[in-house]
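What follows is a short report on a single structure.
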Amino acid sequence: MREKSRVLFEKAKKIIPGGVNSPVRAGKSVGVDPPFITSAKGALIRDADGNEYIDYVGSWGPMILGHAHPEVVEAVIKSAERGTSYGAPTESELTMAEIIVEMVASVEKVRMVNSGTEAAMSAIRLARGYTDRDKIVKFDGCYHGHSDSLLVAAGSGPATLGIPGSPGVPEDVARHTISLPYNNIAAVEKAFDRFGPEIACVIVEPVPGNMGVIIPDQSFLEGLRRITGSYGTVLIFDEVITGFRLAQGGAQEVLGITPDLTCFGKIIGGGLPVGAYGGRAEIMDRIAPDGDVYQAGTLSGNPLAMAAGLATLNILKRENPYAELNRKSEALFMGLETAAKNAGMPATVNRMGSMGCLFFTPKTVTDFATAQTGNPDVFRQYYQEMLDQGIYLAPSPFETTFLSLAHTSKMIAETIDRAEKAFEIIAQAL
Ligand code: HOZ
């Protein structure tokens, strides 16, 4: 069924660590060799054996319009014809900055980088430089990329593989990172009582999408804003996933909280490698060359990435499709939850806008500890059955299921049908 992919994976494992360029893709925790992808269009993705799948990974978030949207493709082709990289200022990066500043209320200035990891790493350095403090606060199960300071109790791949810290991160670096339970403001208050004047920043996914999806308590995020404000600590929202996905102004618009700095990635590159961090001008002005906090990049503001990102953002601005995305996602997740429960499977859905996930647990999932109560065996079987039936999900219970504008009602209904079959098979085997 996936013989060509299997052969490619065997070859890849000989010369690429684990056969992949990002660990979760290897499918270790779900016991499936990954399909090797050859093309994608709209909400469909095709592998080397010619199998077609309805895609709910969406390149892990960027493809909110679906794959190969004609306007995005045309913008990239036209840009490539003018050269692929100059390492010099361009008007397109200025337009990108203008559109981000216009759409995200808290951002007065913004710097482009090449990935979400780079955005978070740079925002942390800036917060440390700005406050002249070393300690940072993050939350268990949140994932902000793989830089040293942030690879502590991390979600996403590290959680999937059971390596929430990593060898290679010096103890001297990790000791400056305080990781606290998400949605627990009392723990934050306690940490600030003890270390407050030493804490440079709090970095948080306002709606976590790397321990599955977690819905934030409004009072938790409001508490973060209040506490950081009173200690002169920089509040950083990691909106690499949620930025331009939950609303034009990101999760901060939906939740009504104003961070000092925000990290972006994924959607702003329209599927090309990109990241950005931005926020209050007074803080951003500390970045070199105007300021003394150094950060640079040969491919930063790359014209192809700017072209794809601008085409994507312009469509989101023009069509404001968030209500439609929300309706599609509601239909999908209600259907999946009902299908699981009808088959006698404990299941909890967490969903906000077009991001969501299904935890195989009877518990309410509010943080990393409760996310980990999901049954990994049931998830593994669910993943395998769905893949065999042409549904492409992220191969980890700690990742997000993404809807795009290209998912039709028919595809969503088919997905629910196939899930019903999968749950029947799993229930019989239990
Ligand atoms: N940690 C990434 C998603 N949250 C993985 C991306 C990938 O493997 O491409």
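Residues are referred to by chain and number: the chain letter is A, B, ... according to the order shown in the structure tokens, the number counts from 1 in that chain, and ligands are numbered separately from 1 in the order shown.
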What residues of the protein or nucleic acid chains come within 10 Å of ligand 1 when you use only C-alpha atoms and all ligand atoms? Reply as a PDB file with C-alpha atoms, in the first residue's frame.
```pdb
ATOM      1  CA  VAL A  20      13.617  12.632   8.587  1.00  0.00           C
ATOM      2  CA  ASN A  21      14.463  16.303   8.933  1.00  0.00           C
ATOM      3  CA  SER A  22      12.141  16.818  11.910  1.00  0.00           C
ATOM      4  CA  PRO A  23      11.653  14.022  14.461  1.00  0.00           C
ATOM      5  CA  VAL A  24       7.851  13.644  14.790  1.00  0.00           C
ATOM      6  CA  ARG A  25       7.566  12.982  11.054  1.00  0.00           C
ATOM      7  CA  ALA A  26       9.230   9.587  11.487  1.00  0.00           C
ATOM      8  CA  GLY A  27       6.010   8.301  13.050  1.00  0.00           C
ATOM      9  CA  VAL A  57      -1.651  18.432   9.052  1.00  0.00           C
ATOM     10  CA  GLY A  58      -1.488  21.380   6.663  1.00  0.00           C
ATOM     11  CA  SER A  59       2.318  21.419   6.937  1.00  0.00           C
ATOM     12  CA  TRP A  60       1.781  21.733  10.739  1.00  0.00           C
ATOM     13  CA  GLY A  61      -0.177  24.968  10.414  1.00  0.00           C
ATOM     14  CA  GLY A 116       9.416  29.978  14.570  1.00  0.00           C
ATOM     15  CA  THR A 117      12.354  28.609  16.551  1.00  0.00           C
ATOM     16  CA  CYS A 142       4.306  24.470  25.516  1.00  0.00           C
ATOM     17  CA  TYR A 143       6.782  24.291  22.668  1.00  0.00           C
ATOM     18  CA  HIS A 144       8.661  27.303  21.358  1.00  0.00           C
ATOM     19  CA  GLY A 145      11.102  25.623  19.009  1.00  0.00           C
ATOM     20  CA  HIS A 146      14.334  23.875  19.813  1.00  0.00           C
ATOM     21  CA  GLY A 155       5.667  19.762  24.154  1.00  0.00           C
ATOM     22  CA  SER A 156       5.423  18.720  20.487  1.00  0.00           C
ATOM     23  CA  GLY A 157       8.238  16.386  19.320  1.00  0.00           C
ATOM     24  CA  PRO A 158      10.052  16.169  22.659  1.00  0.00           C
ATOM     25  CA  ALA A 159       6.766  15.215  24.380  1.00  0.00           C
ATOM     26  CA  THR A 160       5.941  12.707  21.631  1.00  0.00           C
ATOM     27  CA  GLY A 209      -1.090  23.644  20.151  1.00  0.00           C
ATOM     28  CA  ASN A 210       1.910  21.515  21.014  1.00  0.00           C
ATOM     29  CA  MET A 211       0.476  19.332  23.808  1.00  0.00           C
ATOM     30  CA  GLY A 212      -2.608  18.847  21.738  1.00  0.00           C
ATOM     31  CA  VAL A 240       3.619  30.862  15.614  1.00  0.00           C
ATOM     32  CA  ILE A 241       0.573  28.580  15.338  1.00  0.00           C
ATOM     33  CA  ALA A 394      -0.252  14.449  12.625  1.00  0.00           C
ATOM     34  CA  PRO A 395       1.491  11.313  13.914  1.00  0.00           C
ATOM     35  CA  SER A 396       1.374  12.377  17.560  1.00  0.00           C
ATOM     36  CA  PHE A 398       0.444  16.126  21.161  1.00  0.00           C
ATOM     37  CA  GLU A 399      -0.007  17.950  17.865  1.00  0.00           C
ATOM     38  CA  THR A 400      -2.888  19.932  16.397  1.00  0.00           C
TER      39      THR A 400
END
```
- Do a neighbour search on Pro34 of chain A at 12 Å with only C-alpha atoms, toss out local chain neighbours closer than 6 positions, and write the hits as JSON, numbers by chain. {"A": [2, 3, 4, 5, 6, 7, 8, 9, 10, 12, 13, 18, 19, 20, 22, 23, 24, 25, 26, 27, 28, 47, 48, 49, 383, 384, 387, 388, 392, 393, 394, 395]}
- Out of segment 18-235 of chain A, which residues get strand (DSSP E) from DSSP, as number ranges by chain? A: 37-41, 44-47, 52-55, 109-113, 135-139, 177-180, 199-204, 234-235
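Nearest-residue note for Ala311 of chain A: choosing from A:Pro216, A:Pro397, A:Gly270, A:Gly256, the minimum distance belongs to A:Gly270, counting only C-alpha atoms.
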- Task: Skip Leu65 of chain A itself and residues of its chain fewer than 4 positions away, then list as a count of residues only all residues within 7 Å of it, counting only C-alpha atoms.
- Result: 4
- Within 12 Å of Ser329 of chain A, counting only C-alpha atoms, which residues show up once you throw out same-chain ones fewer than 4 positions away? Write them as a PyMOL selection string, please. chain A and resi 56+246+322-325+333-336+349-357+401-405+407-409+411-413+415-416
- Task: For Asp55 of chain A, please output as number ranges by chain all residues within 6 Å (counting only C-alpha atoms; exclusion window: fewer than 4 positions along the same chain).
- Result: A: 43-45, 392
Quick one: residues within 12 Å of Glu74 of chain A, only C-alpha atoms, excluding same-chain residues fewer than 2 positions away - as a tab-separated table (two decimals) with N, CA and C atoms, in the first residue's frame?
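The result, written out as result00.tsv:
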```tsv
chain	number	residue	atom	x	y	z
A	68	ALA	N	-1.11	24.83	-2.49
A	68	ALA	CA	-0.95	25.32	-3.87
A	68	ALA	C	-2.11	26.24	-4.28
A	69	HIS	N	-2.46	27.15	-3.39
A	69	HIS	CA	-3.49	28.14	-3.74
A	69	HIS	C	-2.98	28.93	-4.95
A	70	PRO	N	-3.82	29.10	-6.00
A	70	PRO	CA	-3.32	29.72	-7.23
A	70	PRO	C	-2.67	31.10	-7.03
A	71	GLU	N	-3.25	31.92	-6.14
A	71	GLU	CA	-2.66	33.26	-5.93
A	71	GLU	C	-1.29	33.19	-5.28
A	72	VAL	N	-1.13	32.19	-4.39
A	72	VAL	CA	0.16	32.04	-3.71
A	72	VAL	C	1.20	31.51	-4.70
A	76	VAL	N	4.70	33.37	-5.94
A	76	VAL	CA	6.03	32.76	-5.76
A	76	VAL	C	6.76	32.67	-7.11
A	77	ILE	N	6.04	32.26	-8.14
A	77	ILE	CA	6.68	32.13	-9.47
A	77	ILE	C	7.18	33.50	-9.93
A	78	LYS	N	6.33	34.49	-9.82
A	78	LYS	CA	6.72	35.84	-10.27
A	78	LYS	C	7.93	36.35	-9.49
A	79	SER	N	7.94	36.06	-8.20
A	79	SER	CA	9.06	36.51	-7.37
A	79	SER	C	10.34	35.76	-7.74
A	80	ALA	N	10.23	34.45	-7.98
A	80	ALA	CA	11.41	33.64	-8.33
A	80	ALA	C	12.04	34.11	-9.63
A	81	GLU	N	11.19	34.56	-10.53
A	81	GLU	CA	11.72	35.04	-11.82
A	81	GLU	C	12.60	36.28	-11.65
A	304	LEU	N	11.05	35.18	-1.75
A	304	LEU	CA	10.06	34.13	-2.05
A	304	LEU	C	9.11	33.95	-0.86
A	307	ALA	N	6.77	36.82	-0.67
A	307	ALA	CA	5.73	36.77	-1.71
A	307	ALA	C	4.62	35.79	-1.31
A	308	ALA	N	5.01	34.60	-0.86
A	308	ALA	CA	4.01	33.61	-0.46
A	308	ALA	C	3.21	34.08	0.75
A	310	LEU	N	2.76	37.24	1.82
A	310	LEU	CA	1.90	38.39	1.52
A	310	LEU	C	0.65	37.96	0.76
A	311	ALA	N	0.83	37.03	-0.19
A	311	ALA	CA	-0.35	36.56	-0.94
A	311	ALA	C	-1.35	35.92	0.05
A	312	THR	N	-0.83	35.13	0.98
A	312	THR	CA	-1.70	34.47	1.97
A	312	THR	C	-2.39	35.50	2.86
```
- Pick out the residues sitting within 10 Å of Ser166 of chain A, and hand them over as an NGL selection string; count only C-alpha atoms, and ignore anything fewer than 5 positions along from it in its own chain. :A and (146 or 148 or 151-154 or 158 or 174)
Got time to write the residues from that selection, C-alpha atoms, as a PDB file, in the first residue's frame?
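File selection_27.pdb, as written:
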```pdb
ATOM      1  CA  HIS A 146      14.334  23.875  19.813  1.00  0.00           C
ATOM      2  CA  ASP A 148      18.504  25.730  24.348  1.00  0.00           C
ATOM      3  CA  LEU A 151      13.887  22.929  25.430  1.00  0.00           C
ATOM      4  CA  VAL A 152      12.753  22.399  29.009  1.00  0.00           C
ATOM      5  CA  ALA A 153       9.523  20.426  29.694  1.00  0.00           C
ATOM      6  CA  ALA A 154       8.741  21.013  26.022  1.00  0.00           C
ATOM      7  CA  PRO A 158      10.052  16.169  22.659  1.00  0.00           C
ATOM      8  CA  ALA A 174      18.519  25.302  31.512  1.00  0.00           C
TER       9      ALA A 174
END
```
- Nearest to Leu332 of chain A by atom-to-atom distance, counting only C-alpha atoms, from A:Ala247, A:Ala419, A:Met103, A:Ala119: A:Ala419
- Please, which residues of segment 10-105 of chain A, numbered as in this document, come out helix (DSSP H, G or I) from DSSP, as a VMD selection string? chain A and resid 10 to 15 17 to 19 23 to 26 28 to 30 58 to 60 70 to 81 91 to 103
- Please measure the separation of atom CA of Met96 of chain A and atom CA of Phe244 of chain A, giving the value in Å to one decimal. 13.2 Å
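Between atom CA of Glu414 of chain A and atom CA of Val30 of chain A the interatomic distance comes to 22.5 Å.
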- Message: Using only C-alpha atoms for the distances, tell me which of A:Met1, A:Val234, A:Ile124, A:Val365 is nearest to Ile287 of chain A.
- Response: A:Ile124
